[in-house]
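The next block is start.cif, given as mmCIF, C-alpha atoms.
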data_query
loop_
_atom_site.label_atom_id
_atom_site.label_comp_id
_atom_site.auth_asym_id
_atom_site.auth_seq_id
_atom_site.Cartn_x
_atom_site.Cartn_y
_atom_site.Cartn_z
CA MET C 482 -104.22 12.38 -59.74
CA ARG C 483 -100.76 10.85 -59.65
CA LYS C 484 -99.22 14.35 -59.52
CA ILE C 485 -101.40 15.30 -56.57
CA TYR C 486 -100.29 12.11 -54.77
CA PHE C 487 -96.61 12.96 -55.12
CA ILE C 488 -97.17 16.58 -54.01
CA ALA C 489 -99.00 15.35 -50.88
CA LEU C 490 -96.23 12.85 -50.18
CA ALA C 491 -93.61 15.61 -50.48
CA VAL C 492 -95.51 17.79 -48.02
CA ILE C 493 -95.73 14.93 -45.51
CA MET C 494 -92.01 14.15 -45.83
CA ALA C 495 -91.11 17.80 -45.31
CA ALA C 496 -93.26 17.95 -42.19
CA VAL C 497 -91.69 14.77 -40.80
CA SER C 498 -88.12 15.84 -41.56
CA GLY C 499 -88.72 19.16 -39.83
CA CYS C 500 -90.20 17.42 -36.78
CA GLY C 501 -93.12 19.83 -37.00
CA ARG C 502 -90.83 22.80 -36.38
CA ALA C 503 -89.75 24.83 -39.40
CA SER C 504 -86.66 27.00 -38.84
CA ASN C 505 -87.56 29.73 -41.38
CA GLY C 506 -83.88 30.56 -41.43
CA GLU C 507 -83.76 31.03 -37.66
CA LEU C 508 -81.72 29.23 -35.01
CA VAL C 509 -84.18 26.80 -33.44
CA GLY C 510 -81.94 24.00 -32.24
CA VAL C 511 -82.47 20.27 -32.63
CA ARG C 512 -85.59 18.82 -31.13
CA GLN C 513 -84.85 15.81 -28.95
CA LYS C 514 -87.11 13.35 -27.24
CA ARG C 515 -87.81 14.57 -23.71
CA LEU C 516 -86.91 12.19 -20.93
CA PRO C 517 -88.32 12.26 -17.40
CA THR C 518 -85.73 13.63 -14.96
CA THR C 519 -87.90 13.28 -11.88
CA GLN C 520 -87.98 9.48 -11.96
CA ILE C 521 -85.93 8.14 -9.08
CA PRO C 522 -84.15 4.86 -9.93
CA LEU C 523 -85.53 1.85 -8.08
CA GLY C 524 -83.97 1.42 -4.64
CA MET C 525 -82.30 4.84 -4.70
CA VAL C 526 -82.99 8.18 -3.04
CA TYR C 527 -82.51 11.70 -4.32
CA VAL C 528 -79.70 13.67 -2.68
CA PRO C 529 -80.17 17.40 -3.41
CA ALA C 530 -77.29 19.66 -4.34
CA GLY C 531 -75.72 21.50 -1.45
CA THR C 532 -72.61 22.73 0.29
CA PHE C 533 -70.99 21.55 3.52
CA VAL C 534 -67.78 21.68 5.48
CA MET C 535 -65.95 18.47 4.69
CA GLY C 536 -63.60 17.16 7.34
CA GLN C 537 -63.40 16.41 11.03
CA THR C 538 -65.85 17.74 13.58
CA ASP C 539 -64.24 15.92 16.51
CA GLN C 540 -60.73 15.29 17.74
CA ASP C 541 -58.41 13.28 15.50
CA ILE C 542 -57.71 10.44 17.92
CA THR C 543 -55.68 8.51 15.36
CA PHE C 544 -53.40 11.52 14.80
CA ALA C 545 -53.76 10.97 11.06
CA GLN C 546 -53.65 14.73 10.37
CA ILE C 547 -55.48 14.20 7.06
CA ALA C 548 -59.00 15.52 7.71
CA GLN C 549 -58.49 19.24 7.20
CA ASN C 550 -61.77 21.13 7.05
CA LYS C 551 -62.79 22.45 3.65
CA GLN C 552 -66.07 23.88 2.36
CA VAL C 553 -67.17 22.04 -0.79
CA THR C 554 -70.25 21.96 -3.00
CA ILE C 555 -71.86 18.79 -4.34
CA PRO C 556 -74.27 18.64 -7.33
CA ALA C 557 -77.46 16.60 -6.97
CA PHE C 558 -77.30 12.83 -7.41
CA PHE C 559 -79.12 9.59 -6.70
CA MET C 560 -77.74 7.09 -4.19
CA ASP C 561 -78.71 3.56 -3.20
CA GLU C 562 -80.72 3.78 0.00
CA THR C 563 -78.91 0.71 1.33
CA GLU C 564 -75.69 -1.15 0.78
CA ILE C 565 -75.79 -3.56 -2.16
CA THR C 566 -77.24 -6.79 -0.81
CA ASN C 567 -76.29 -10.40 -1.37
CA SER C 568 -79.50 -10.77 -3.38
CA GLU C 569 -78.66 -7.84 -5.66
CA TYR C 570 -75.09 -9.02 -6.18
CA HIS C 571 -76.45 -12.49 -6.97
CA GLN C 572 -78.27 -10.92 -9.93
CA PHE C 573 -74.88 -9.82 -11.26
CA VAL C 574 -73.32 -13.23 -10.62
CA ASN C 575 -76.21 -15.06 -12.28
CA TRP C 576 -76.10 -12.74 -15.30
CA VAL C 577 -72.39 -13.46 -15.80
CA ARG C 578 -72.92 -17.18 -15.20
CA ASP C 579 -75.78 -17.41 -17.70
CA SER C 580 -74.09 -15.31 -20.36
CA ILE C 581 -70.95 -17.49 -20.19
CA ALA C 582 -73.07 -20.64 -20.35
CA ILE C 583 -74.88 -19.40 -23.48
CA THR C 584 -71.96 -17.91 -25.39
CA ASP C 585 -69.17 -20.37 -24.51
CA TYR C 586 -70.91 -23.68 -23.87
CA LEU C 587 -74.46 -23.97 -25.20
CA LYS C 588 -74.00 -21.91 -28.38
CA ASP C 589 -77.71 -22.27 -29.03
CA ASP C 590 -79.42 -19.65 -31.20
CA GLN C 591 -82.68 -20.05 -29.29
CA PHE C 592 -81.25 -17.83 -26.55
CA TYR C 593 -80.38 -14.96 -28.89
CA ILE C 594 -82.50 -12.15 -30.27
CA LYS C 595 -83.45 -12.94 -33.85
CA PRO C 596 -83.69 -9.88 -36.13
CA LYS C 597 -87.01 -9.62 -37.88
CA GLY C 598 -87.25 -10.48 -41.56
CA LYS C 599 -87.38 -13.50 -43.80
CA GLY C 600 -84.40 -15.77 -43.39
CA ALA C 601 -82.93 -13.68 -40.55
CA THR C 602 -80.46 -15.37 -38.21
CA ALA C 603 -79.39 -14.67 -34.65
CA ALA C 604 -76.24 -12.93 -35.88
CA ASN C 605 -76.34 -9.30 -36.97
CA ALA C 606 -74.64 -8.04 -40.12
CA ASP C 607 -71.35 -7.60 -38.25
CA GLY C 608 -71.57 -11.06 -36.73
CA THR C 609 -72.47 -9.96 -33.19
CA LYS C 610 -75.24 -11.62 -31.23
CA TYR C 611 -77.37 -10.35 -28.38
CA ILE C 612 -78.81 -12.60 -25.71
CA ASP C 613 -82.58 -12.48 -25.33
CA TRP C 614 -82.81 -12.23 -21.54
CA LYS C 615 -86.56 -12.65 -21.63
CA LYS C 616 -85.99 -16.22 -22.80
CA VAL C 617 -83.31 -16.80 -20.18
CA GLY C 618 -85.60 -15.63 -17.37
CA ASN C 619 -84.44 -16.97 -14.01
CA GLY C 620 -82.06 -19.40 -15.69
CA ALA C 621 -84.35 -22.43 -15.53
CA ALA C 622 -84.20 -22.81 -19.32
CA ILE C 623 -80.43 -23.21 -19.00
CA TRP C 624 -79.92 -25.04 -15.72
CA GLY C 625 -83.21 -26.96 -15.33
CA SER C 626 -83.14 -30.69 -14.66
CA LYS C 627 -83.56 -33.49 -17.21
CA LYS C 628 -86.82 -34.42 -15.50
CA LYS C 629 -88.26 -31.18 -16.84
CA GLY C 630 -87.02 -31.83 -20.35
CA ASN C 631 -83.75 -29.89 -20.09
CA THR C 632 -80.97 -31.42 -22.18
CA ASN C 633 -78.20 -28.91 -21.51
CA ALA C 634 -76.44 -30.84 -18.73
CA SER C 635 -73.88 -32.53 -20.99
CA LYS C 636 -73.00 -29.25 -22.74
CA LEU C 637 -72.53 -27.46 -19.42
CA GLN C 638 -70.47 -30.19 -17.80
CA ASN C 639 -67.20 -28.27 -18.19
CA MET C 640 -68.63 -25.34 -16.21
CA TYR C 641 -68.69 -27.53 -13.11
CA TYR C 642 -65.81 -28.46 -10.86
CA GLN C 643 -63.97 -31.45 -12.29
CA GLY C 644 -62.32 -34.57 -10.90
CA GLU C 645 -60.93 -34.20 -7.40
CA ASP C 646 -62.39 -30.70 -7.10
CA LYS C 647 -65.86 -32.26 -6.83
CA ILE C 648 -67.48 -33.03 -3.50
CA PHE C 649 -69.77 -36.08 -3.35
CA GLY C 650 -69.99 -35.98 -7.14
CA ARG C 651 -72.20 -32.88 -7.09
CA ASN C 652 -72.41 -30.61 -10.12
CA GLU C 653 -71.39 -27.20 -8.77
CA VAL C 654 -70.46 -24.27 -11.00
CA ASP C 655 -66.75 -23.53 -10.89
CA VAL C 656 -66.89 -19.92 -9.69
CA ARG C 657 -63.37 -19.29 -10.99
CA LEU C 658 -64.90 -19.23 -14.49
CA LEU C 659 -67.23 -16.36 -13.65
CA LYS C 660 -65.37 -13.41 -15.13
CA TYR C 661 -66.79 -10.14 -16.42
CA ASP C 662 -65.16 -8.42 -19.38
CA PHE C 663 -65.75 -4.70 -19.82
CA ALA C 664 -64.31 -1.54 -21.30
CA ILE C 665 -64.78 2.03 -20.06
CA MET C 666 -63.59 5.42 -21.23
CA LEU C 667 -61.08 7.01 -18.88
CA GLN C 668 -62.25 10.58 -19.26
CA ARG C 669 -59.62 11.94 -16.89
CA GLU C 670 -56.89 10.37 -19.04
CA ALA C 671 -58.47 11.83 -22.15
CA ALA C 672 -58.56 15.28 -20.52
CA ASN C 673 -54.96 15.07 -19.35
CA HIS C 674 -53.74 14.21 -22.87
CA ARG C 675 -56.20 16.17 -24.99
CA GLY C 676 -53.39 18.10 -26.71
CA ASP C 677 -51.52 14.97 -27.79
CA LYS C 678 -52.21 14.55 -31.50
CA ASN C 679 -50.50 11.15 -31.56
CA ARG C 680 -52.78 9.72 -28.90
CA LYS C 681 -55.51 7.40 -30.16
CA ARG C 682 -58.97 7.02 -28.70
CA SER C 683 -58.08 3.49 -27.66
CA ASP C 684 -55.32 4.89 -25.45
CA ASN C 685 -58.06 6.31 -23.23
CA ILE C 686 -60.06 3.10 -23.02
CA TYR C 687 -59.56 0.87 -19.99
CA ARG C 688 -60.29 -2.82 -20.46
CA ASP C 689 -60.50 -5.28 -17.62
CA THR C 690 -61.50 -8.86 -16.90
CA VAL C 691 -62.64 -9.33 -13.33
CA ALA C 692 -63.47 -12.54 -11.48
CA ILE C 693 -66.71 -11.42 -9.86
CA TYR C 694 -67.64 -14.10 -7.31
CA PRO C 695 -67.20 -12.81 -3.73
CA ASP C 696 -64.37 -14.22 -1.64
CA THR C 697 -66.35 -16.08 1.03
CA LEU C 698 -63.15 -17.13 2.83
CA VAL C 699 -62.73 -13.59 4.17
CA TRP C 700 -64.74 -14.68 7.20
CA LEU C 701 -61.77 -16.83 8.20
CA ALA C 702 -58.88 -14.91 6.65
CA ASP C 703 -59.73 -11.63 8.42
CA PHE C 704 -59.59 -13.06 11.94
CA SER C 705 -57.19 -15.14 13.97
CA TYR C 706 -58.76 -18.40 15.05
CA ALA C 707 -62.40 -17.36 14.84
CA GLN C 708 -65.09 -19.98 14.32
CA ASN C 709 -66.67 -18.38 11.26
CA GLU C 710 -67.04 -21.49 9.09
CA PRO C 711 -70.87 -21.16 9.10
CA LEU C 712 -70.51 -17.71 7.51
CA VAL C 713 -68.13 -19.07 4.89
CA GLU C 714 -70.71 -21.70 3.99
CA GLY C 715 -73.87 -19.66 4.14
CA TYR C 716 -73.41 -15.89 4.15
CA PHE C 717 -73.56 -15.37 0.39
CA SER C 718 -75.70 -18.38 -0.53
CA HIS C 719 -78.29 -18.93 2.21
CA PRO C 720 -81.66 -17.14 1.76
CA ALA C 721 -81.54 -15.95 5.38
CA PHE C 722 -78.74 -13.55 4.40
CA ALA C 723 -80.32 -12.35 1.13
CA GLU C 724 -80.91 -8.82 2.45
CA TYR C 725 -77.57 -8.54 4.24
CA PRO C 726 -74.79 -6.45 2.63
CA VAL C 727 -72.53 -8.30 0.23
CA VAL C 728 -68.95 -8.51 1.50
CA GLY C 729 -65.77 -10.16 0.26
CA VAL C 730 -65.90 -7.88 -2.78
CA THR C 731 -62.81 -5.98 -3.94
CA TRP C 732 -62.86 -2.42 -5.25
CA ARG C 733 -62.37 -3.74 -8.78
CA GLN C 734 -65.32 -6.09 -8.38
CA ALA C 735 -67.48 -3.25 -7.07
CA ARG C 736 -66.48 -1.07 -10.03
CA ALA C 737 -67.29 -3.95 -12.42
CA PHE C 738 -70.74 -4.15 -10.81
CA THR C 739 -71.37 -0.47 -11.55
CA VAL C 740 -70.40 -0.97 -15.21
CA TRP C 741 -72.73 -3.97 -15.50
CA ARG C 742 -75.57 -2.07 -13.81
CA THR C 743 -75.07 0.83 -16.21
CA ASN C 744 -75.30 -1.45 -19.24
CA LEU C 745 -78.24 -3.35 -17.74
CA TYR C 746 -80.37 -0.21 -17.80
CA ALA C 747 -78.89 1.14 -21.04
CA ASN C 748 -79.88 -2.02 -22.90
CA TYR C 749 -83.37 -1.82 -21.44
CA ALA C 750 -83.66 1.82 -22.51
CA GLN C 751 -82.64 0.95 -26.05
CA SER C 752 -85.18 -1.85 -26.19
CA LYS C 753 -87.87 0.73 -25.38
CA GLY C 754 -86.72 3.15 -28.06
CA MET C 755 -85.05 5.52 -25.58
CA PRO C 756 -81.49 6.86 -25.87
CA ARG C 757 -78.84 4.54 -24.43
CA LEU C 758 -77.80 7.19 -21.91
CA SER C 759 -81.33 7.82 -20.68
CA ARG C 760 -79.78 7.47 -17.25
CA LEU C 761 -76.20 8.55 -16.63
CA PRO C 762 -73.70 5.82 -15.68
CA PHE C 763 -73.68 4.28 -12.24
CA SER C 764 -70.49 4.55 -10.22
CA LEU C 765 -69.15 4.26 -6.72
CA PRO C 766 -69.65 7.49 -4.73
CA SER C 767 -66.70 9.79 -4.34
CA GLU C 768 -65.40 10.40 -0.82
CA ALA C 769 -67.06 13.83 -0.81
CA GLU C 770 -70.39 12.49 -2.11
CA PHE C 771 -70.42 9.81 0.58
CA GLU C 772 -69.64 12.23 3.41
CA TYR C 773 -72.17 14.78 2.15
CA ALA C 774 -74.89 12.11 1.83
CA ALA C 775 -74.04 10.68 5.26
CA ARG C 776 -74.56 14.06 6.92
CA GLY C 777 -78.13 14.10 5.61
CA GLY C 778 -78.20 17.85 5.08
CA ARG C 779 -77.20 18.63 8.66
CA ILE C 780 -74.38 21.03 9.50
CA GLY C 781 -71.42 19.94 11.61
CA ASN C 782 -72.95 16.68 12.77
CA ASP C 783 -70.68 13.91 13.97
CA TYR C 784 -72.89 11.00 12.87
CA PRO C 785 -75.53 10.43 10.16
CA TRP C 786 -78.34 10.57 12.74
CA GLY C 787 -77.32 13.96 14.09
CA GLY C 788 -75.88 14.78 17.51
CA PRO C 789 -72.59 13.76 19.10
CA TYR C 790 -73.80 10.54 20.72
CA ILE C 791 -74.00 6.95 19.46
CA ARG C 792 -76.96 6.17 21.74
CA ASN C 793 -80.36 7.82 21.55
CA ALA C 794 -82.32 9.23 24.52
CA LYS C 795 -83.56 5.73 25.41
CA GLY C 796 -80.05 4.34 25.51
CA CYS C 797 -80.37 2.37 22.26
CA LEU C 798 -77.35 2.19 19.98
CA MET C 799 -77.93 3.87 16.60
CA ALA C 800 -75.69 1.71 14.40
CA ASN C 801 -74.02 -1.67 14.04
CA PHE C 802 -70.41 -1.47 15.27
CA LYS C 803 -68.16 -2.71 18.10
CA PRO C 804 -69.43 -1.19 21.35
CA GLY C 805 -67.09 -0.99 24.30
CA ARG C 806 -64.26 -3.47 24.33
CA GLY C 807 -66.02 -6.07 22.24
CA ASN C 808 -69.69 -6.37 23.23
CA TYR C 809 -70.67 -6.87 19.59
CA ILE C 810 -74.20 -8.04 20.34
CA ASP C 811 -75.09 -4.91 22.33
CA ASP C 812 -76.26 -3.13 19.16
CA GLY C 813 -78.41 -6.03 18.01
CA GLY C 814 -76.00 -7.87 15.70
CA ALA C 815 -72.88 -9.95 16.24
CA TYR C 816 -71.67 -9.17 12.71
CA THR C 817 -73.54 -7.65 9.75
CA VAL C 818 -77.30 -7.10 9.89
CA ASN C 819 -80.14 -6.56 7.42
CA VAL C 820 -79.43 -3.48 5.27
CA LYS C 821 -82.60 -1.75 6.49
CA SER C 822 -81.77 -2.09 10.16
CA TYR C 823 -81.71 1.08 12.30
CA PHE C 824 -83.25 4.38 11.24
CA PRO C 825 -82.25 6.08 7.97
CA ASN C 826 -80.76 9.57 8.02
CA ASP C 827 -82.60 12.68 6.83
CA PHE C 828 -81.94 11.84 3.17
CA GLY C 829 -83.49 8.39 3.67
CA LEU C 830 -80.17 6.52 3.54
CA TYR C 831 -79.64 3.46 5.74
CA ASN C 832 -76.41 2.49 7.49
CA MET C 833 -74.23 5.32 6.26
CA ALA C 834 -72.33 4.51 9.43
CA GLY C 835 -71.74 0.99 10.65
CA ASN C 836 -72.78 -2.43 9.31
CA VAL C 837 -70.12 -2.45 6.57
CA ALA C 838 -67.57 0.15 5.59
CA GLU C 839 -67.98 1.09 1.94
CA TRP C 840 -65.76 1.51 -1.07
CA THR C 841 -65.64 4.92 -2.73
CA SER C 842 -64.31 5.85 -6.17
CA SER C 843 -61.66 8.12 -4.62
CA ALA C 844 -58.02 7.19 -4.41
CA TYR C 845 -56.46 7.67 -0.98
CA ASP C 846 -53.89 10.43 -0.59
CA GLU C 847 -53.09 12.03 2.75
CA SER C 848 -52.91 15.51 1.23
CA ALA C 849 -55.87 15.20 -1.17
CA SER C 850 -57.90 17.92 0.53
CA THR C 851 -55.18 20.49 -0.24
CA PHE C 852 -55.23 20.08 -4.02
CA THR C 853 -58.73 18.90 -4.95
CA HIS C 854 -61.29 21.42 -6.20
CA ASP C 855 -64.03 22.76 -3.94
CA LEU C 856 -66.78 21.86 -6.45
CA SER C 857 -67.53 18.13 -6.52
CA PRO C 858 -64.01 17.23 -5.35
CA THR C 859 -62.37 13.86 -5.69
CA PHE C 860 -58.87 12.51 -6.15
CA TYR C 861 -59.10 9.80 -8.81
CA TYR C 862 -56.25 7.60 -9.96
CA GLU C 863 -56.50 4.57 -12.23
CA ALA C 864 -53.86 2.28 -10.75
CA LYS C 865 -51.95 0.08 -13.19
CA ALA C 866 -51.00 -3.52 -12.45
CA ASN C 867 -47.30 -2.66 -12.07
CA ASP C 868 -47.88 0.42 -9.90
CA PRO C 869 -46.58 0.35 -6.32
CA GLU C 870 -49.13 -0.68 -3.72
CA VAL C 871 -49.33 2.83 -2.29
CA LEU C 872 -51.07 3.95 -5.52
CA LYS C 873 -53.68 1.20 -5.22
CA ARG C 874 -55.25 2.55 -2.03
CA LYS C 875 -58.94 3.50 -2.18
CA VAL C 876 -60.88 5.49 0.38
CA ILE C 877 -63.39 3.58 2.50
CA LYS C 878 -66.00 5.38 4.56
CA GLY C 879 -68.66 4.70 7.17
CA GLY C 880 -67.05 2.25 9.57
CA SER C 881 -68.21 -1.32 10.02
CA TRP C 882 -69.60 -3.89 12.39
CA LYS C 883 -66.12 -4.69 13.70
CA ASP C 884 -64.97 -1.05 14.17
CA ILE C 885 -65.08 1.12 17.27
CA GLY C 886 -67.34 4.19 17.32
CA TYR C 887 -64.68 6.63 16.09
CA PHE C 888 -64.82 5.16 12.60
CA LEU C 889 -68.58 5.75 12.39
CA GLN C 890 -68.08 9.52 12.30
CA ASN C 891 -69.00 11.24 9.04
CA SER C 892 -65.56 12.81 8.70
CA THR C 893 -63.50 9.69 9.39
CA LYS C 894 -61.95 7.86 6.48
CA SER C 895 -59.58 4.99 6.04
CA TYR C 896 -58.27 3.04 3.08
CA GLU C 897 -57.88 -0.44 1.70
CA TYR C 898 -56.08 -1.78 -1.36
CA GLN C 899 -58.21 -2.12 -4.50
CA ASP C 900 -57.58 -5.84 -4.94
CA THR C 901 -58.32 -6.67 -1.31
CA ALA C 902 -61.57 -8.26 -0.13
CA LYS C 903 -62.74 -8.01 3.47
CA SER C 904 -65.61 -9.33 5.56
CA TYR C 905 -66.41 -5.79 6.67
CA ILE C 906 -66.33 -3.83 3.39
CA GLY C 907 -69.26 -3.51 0.98
CA PHE C 908 -70.49 -0.77 -1.34
CA ARG C 909 -73.42 1.13 -2.81
CA CYS C 910 -73.87 3.01 -6.10
CA VAL C 911 -74.63 6.54 -7.20
CA THR C 912 -75.71 8.10 -10.48
CA ALA C 913 -75.71 11.81 -11.31
CA PHE C 914 -78.97 13.73 -11.48
CA THR C 915 -79.48 15.29 -14.90
CA GLY C 916 -80.54 18.79 -13.95
CA ARG C 917 -80.36 21.43 -11.26
CA ASP C 918 -83.08 20.24 -8.90
CA ILE C 919 -85.64 17.46 -9.05
CA ARG C 920 -88.36 20.00 -8.23
CA ASP C 921 -87.70 21.96 -11.41
CA LYS C 922 -90.37 21.37 -14.05
CA HIS C 923 -88.40 22.70 -16.99
#

Could you write out this file's structure as structure tokens?
Amino acid sequence: MRKIYFIALAVIMAAVSGCGRASNGELVGVRQKRLPTTQIPLGMVYVPAGTFVMGQTDQDITFAQIAQNKQVTIPAFFMDETEITNSEYHQFVNWVRDSIAITDYLKDDQFYIKPKGKGATAANADGTKYIDWKKVGNGAAIWGSKKKGNTNASKLQNMYYQGEDKIFGRNEVDVRLLKYDFAIMLQREAANHRGDKNRKRSDNIYRDTVAIYPDTLVWLADFSYAQNEPLVEGYFSHPAFAEYPVVGVTWRQARAFTVWRTNLYANYAQSKGMPRLSRLPFSLPSEAEFEYAARGGRIGNDYPWGGPYIRNAKGCLMANFKPGRGNYIDDGGAYTVNVKSYFPNDFGLYNMAGNVAEWTSSAYDESASTFTHDLSPTFYYEAKANDPEVLKRKVIKGGSWKDIGYFLQNSTKSYEYQDTAKSYIGFRCVTAFTGRDIRDKH
């Protein structure tokens, strides 16, 4: 009987190890868990693969001479249907705030995931700990008042402004402490040096620490003697602006957001037993991706909504910009507006022109169109701290609430420096589609 038991066990183990697919000496590949490729990430839209003529469709009134026409092809991808909102960026800020509070100040094991098993502690075998975000929730367990039984106030005291930095003795988090540490693989660097046998993997890893709180003072710094103090006080913090685009964010902060968003989903996927890269990394769109998405599948159109005019047949303005010589309110908003204002383009994307200009992942070079490839083109350069400023320019697209109509055109681009924050620049994310077409069933 015992012999029969071991024979049965061996058969079961063989079946499990073969994943129910015996090779019989043939090439059968490795069976992997199938993942749904038709699931569109929340808040994003699917942009199908296609080709278009990138570059100007109207006269170059700035005489920049940098928008040479070029036919390019773009693989399919997902893109945020709107600019990243204050509410969405607050999620990032709160995550950084809470993680710093737990790891640097509270140091309380109750907020960490405890491995299962008798006598298990919050620390893994290598000493690392992972925050249990289900216990953190909306942060009330960390920042709740003493009246509700919260005793963390004394431990968190050093996270607040101190001494003369306080106003009316209020406990307010010192936003200068809110820094996000991350590391990413610079694949372009790895490709450029792939023949160097003396180069280590760490040489291709970029590490950065970014202060992630938006610069709210841009509402004053960007304008000469403008009474924008109410926007400084309330734009990022007041609930009325929750669904307005976040501004005052540098290119480096926007890139840090994409890294955090990538890891946010990757950690969720792992918790559900899925591969970490169940969804490819989020990033800022390239210049070509942004222009292609803005055109909405139309050919030769000047603006995301189609034809050559900024007003529709009823005389209504189609975007948020600076009409005429400064009649800002004529389009319905004196500055930024809700991210779902105006009609979306044919891909379902809102405000691909106007509201806020948007960061792209592409570095700005006047001659980029002459040397970039015609398949998924972009000019990418990872600027170093000691590089000259000219190498720290990043392409911005779409035009903003303070720009004249020319900058709303799909083909128009400008630039800003990667460490610069403005009251008229925001961003949105993209992630590559894993396949040929979302309609494919295989």

Q: Take CA of Gly880 (chain C) and CA of Lys903 (chain C) and report the distance between them in Å, one decimal.
A: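 Value for the CA of Gly880 (chain C)-CA of Lys903 (chain C) distance: 12.7 Å.
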
Q: Find the spatial neighbours of Ile919 (chain C), counting all atoms listed in the file, within a cut-off of 9 Å - ignore same-chain residues fewer than 3 positions away - and output them as a ChimeraX atom specification.
A: /C:518-520,527,529,557,914-916,922

Q | Explicit residues for the PyMOL selection byres ((chain C and resi 739) around 9) (as a ChimeraX atom specification) | A | /C:734-738,740-744,762-765,910-911

Q: Please provide as a PyMOL selection string all residues within 9 Å of Pro756 (chain C), with the sequence filter that same-chain residues fewer than 5 positions apart are discarded (counting only C-alpha atoms).
A: chain C and resi 514+747+750-751

Q: May I have the residues within 7 Å of Ala834 (chain C) as a PyMOL selection string, using all atoms listed in the file and disregarding those fewer than 6 positions away in the same chain?
A: chain C and resi 785+800+879-880+889

Same residues, C-alpha atoms, output as an mmCIF file, in the coordinates of the input:
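Result saved to out_19.cif:
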data_model
loop_
_atom_site.group_PDB
_atom_site.id
_atom_site.type_symbol
_atom_site.label_atom_id
_atom_site.label_comp_id
_atom_site.auth_asym_id
_atom_site.auth_seq_id
_atom_site.Cartn_x
_atom_site.Cartn_y
_atom_site.Cartn_z
ATOM 1 C CA PRO C 785 -75.530 10.430 10.160
ATOM 2 C CA ALA C 800 -75.690 1.710 14.400
ATOM 3 C CA GLY C 879 -68.660 4.700 7.170
ATOM 4 C CA GLY C 880 -67.050 2.250 9.570
ATOM 5 C CA LEU C 889 -68.580 5.750 12.390
#

Q: Compile the contact shell of Asn709 (chain C) as a count of residues only: residues with an atom at most 12 Å away, counting only C-alpha atoms, same-chain residues fewer than 2 positions apart removed.
A: 20

Kindly resolve the PyMOL selection byres ((chain C and resi 905) around 10) on the present coordinates and return the residues as a PDB file with C-alpha atoms, in the coordinates of the input.
ATOM      1  CA  VAL C 699     -62.730 -13.590   4.170  1.00  0.00           C
ATOM      2  CA  TRP C 700     -64.740 -14.680   7.200  1.00  0.00           C
ATOM      3  CA  ASP C 703     -59.730 -11.630   8.420  1.00  0.00           C
ATOM      4  CA  PRO C 726     -74.790  -6.450   2.630  1.00  0.00           C
ATOM      5  CA  VAL C 727     -72.530  -8.300   0.230  1.00  0.00           C
ATOM      6  CA  VAL C 728     -68.950  -8.510   1.500  1.00  0.00           C
ATOM      7  CA  GLY C 729     -65.770 -10.160   0.260  1.00  0.00           C
ATOM      8  CA  VAL C 730     -65.900  -7.880  -2.780  1.00  0.00           C
ATOM      9  CA  TYR C 816     -71.670  -9.170  12.710  1.00  0.00           C
ATOM     10  CA  THR C 817     -73.540  -7.650   9.750  1.00  0.00           C
ATOM     11  CA  GLY C 835     -71.740   0.990  10.650  1.00  0.00           C
ATOM     12  CA  ASN C 836     -72.780  -2.430   9.310  1.00  0.00           C
ATOM     13  CA  VAL C 837     -70.120  -2.450   6.570  1.00  0.00           C
ATOM     14  CA  ALA C 838     -67.570   0.150   5.590  1.00  0.00           C
ATOM     15  CA  GLU C 839     -67.980   1.090   1.940  1.00  0.00           C
ATOM     16  CA  GLY C 880     -67.050   2.250   9.570  1.00  0.00           C
ATOM     17  CA  SER C 881     -68.210  -1.320  10.020  1.00  0.00           C
ATOM     18  CA  TRP C 882     -69.600  -3.890  12.390  1.00  0.00           C
ATOM     19  CA  LYS C 883     -66.120  -4.690  13.700  1.00  0.00           C
ATOM     20  CA  ASP C 884     -64.970  -1.050  14.170  1.00  0.00           C
ATOM     21  CA  ALA C 902     -61.570  -8.260  -0.130  1.00  0.00           C
ATOM     22  CA  LYS C 903     -62.740  -8.010   3.470  1.00  0.00           C
ATOM     23  CA  SER C 904     -65.610  -9.330   5.560  1.00  0.00           C
ATOM     24  CA  ILE C 906     -66.330  -3.830   3.390  1.00  0.00           C
ATOM     25  CA  GLY C 907     -69.260  -3.510   0.980  1.00  0.00           C
TER      26      GLY C 907
END

Q | Gap from CA of Phe828 (chain C) to CA of Asn782 (chain C) - Å, one decimal | A | 14.0 Å

Q. What separation in Å, quoted to one decimal, exists between CA of Val818 (chain C) and CA of Phe908 (chain C)?
A. 14.6 Å

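For the choices C:Tyr725, C:Phe592, C:Tyr749, C:Phe802, the atom-to-atom distance to Ile565 (chain C) is smallest for C:Tyr725 when using all atoms listed in the file.
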
Using all atoms listed in the file, determine which residues lie at most 12 Å from Ala866 (chain C), disregarding the query and same-chain residues fewer than 4 positions distant; provide the list as a compact mmCIF listing (two decimals) with C-alpha atoms, in the coordinates of the input.
# COMPACT_ATOMS: atom_id res chain seq x y z
CA ASP C 689 -60.50 -5.28 -17.62
CA ARG C 733 -62.37 -3.74 -8.78
CA GLU C 870 -49.13 -0.68 -3.72
CA LEU C 872 -51.07 3.95 -5.52
CA LYS C 873 -53.68 1.20 -5.22
CA GLN C 899 -58.21 -2.12 -4.50
CA ASP C 900 -57.58 -5.84 -4.94

Q: Apply the PyMOL selection byres ((chain C and resi 895) around 12) to the structure shown and report the selected residues as JSON, numbers by chain.
A: {"C": [543, 545, 547, 548, 768, 838, 839, 840, 841, 843, 844, 845, 846, 847, 874, 875, 876, 877, 878, 879, 880, 881, 884, 887, 888, 889, 890, 891, 892, 893, 894, 896, 897, 898, 906]}
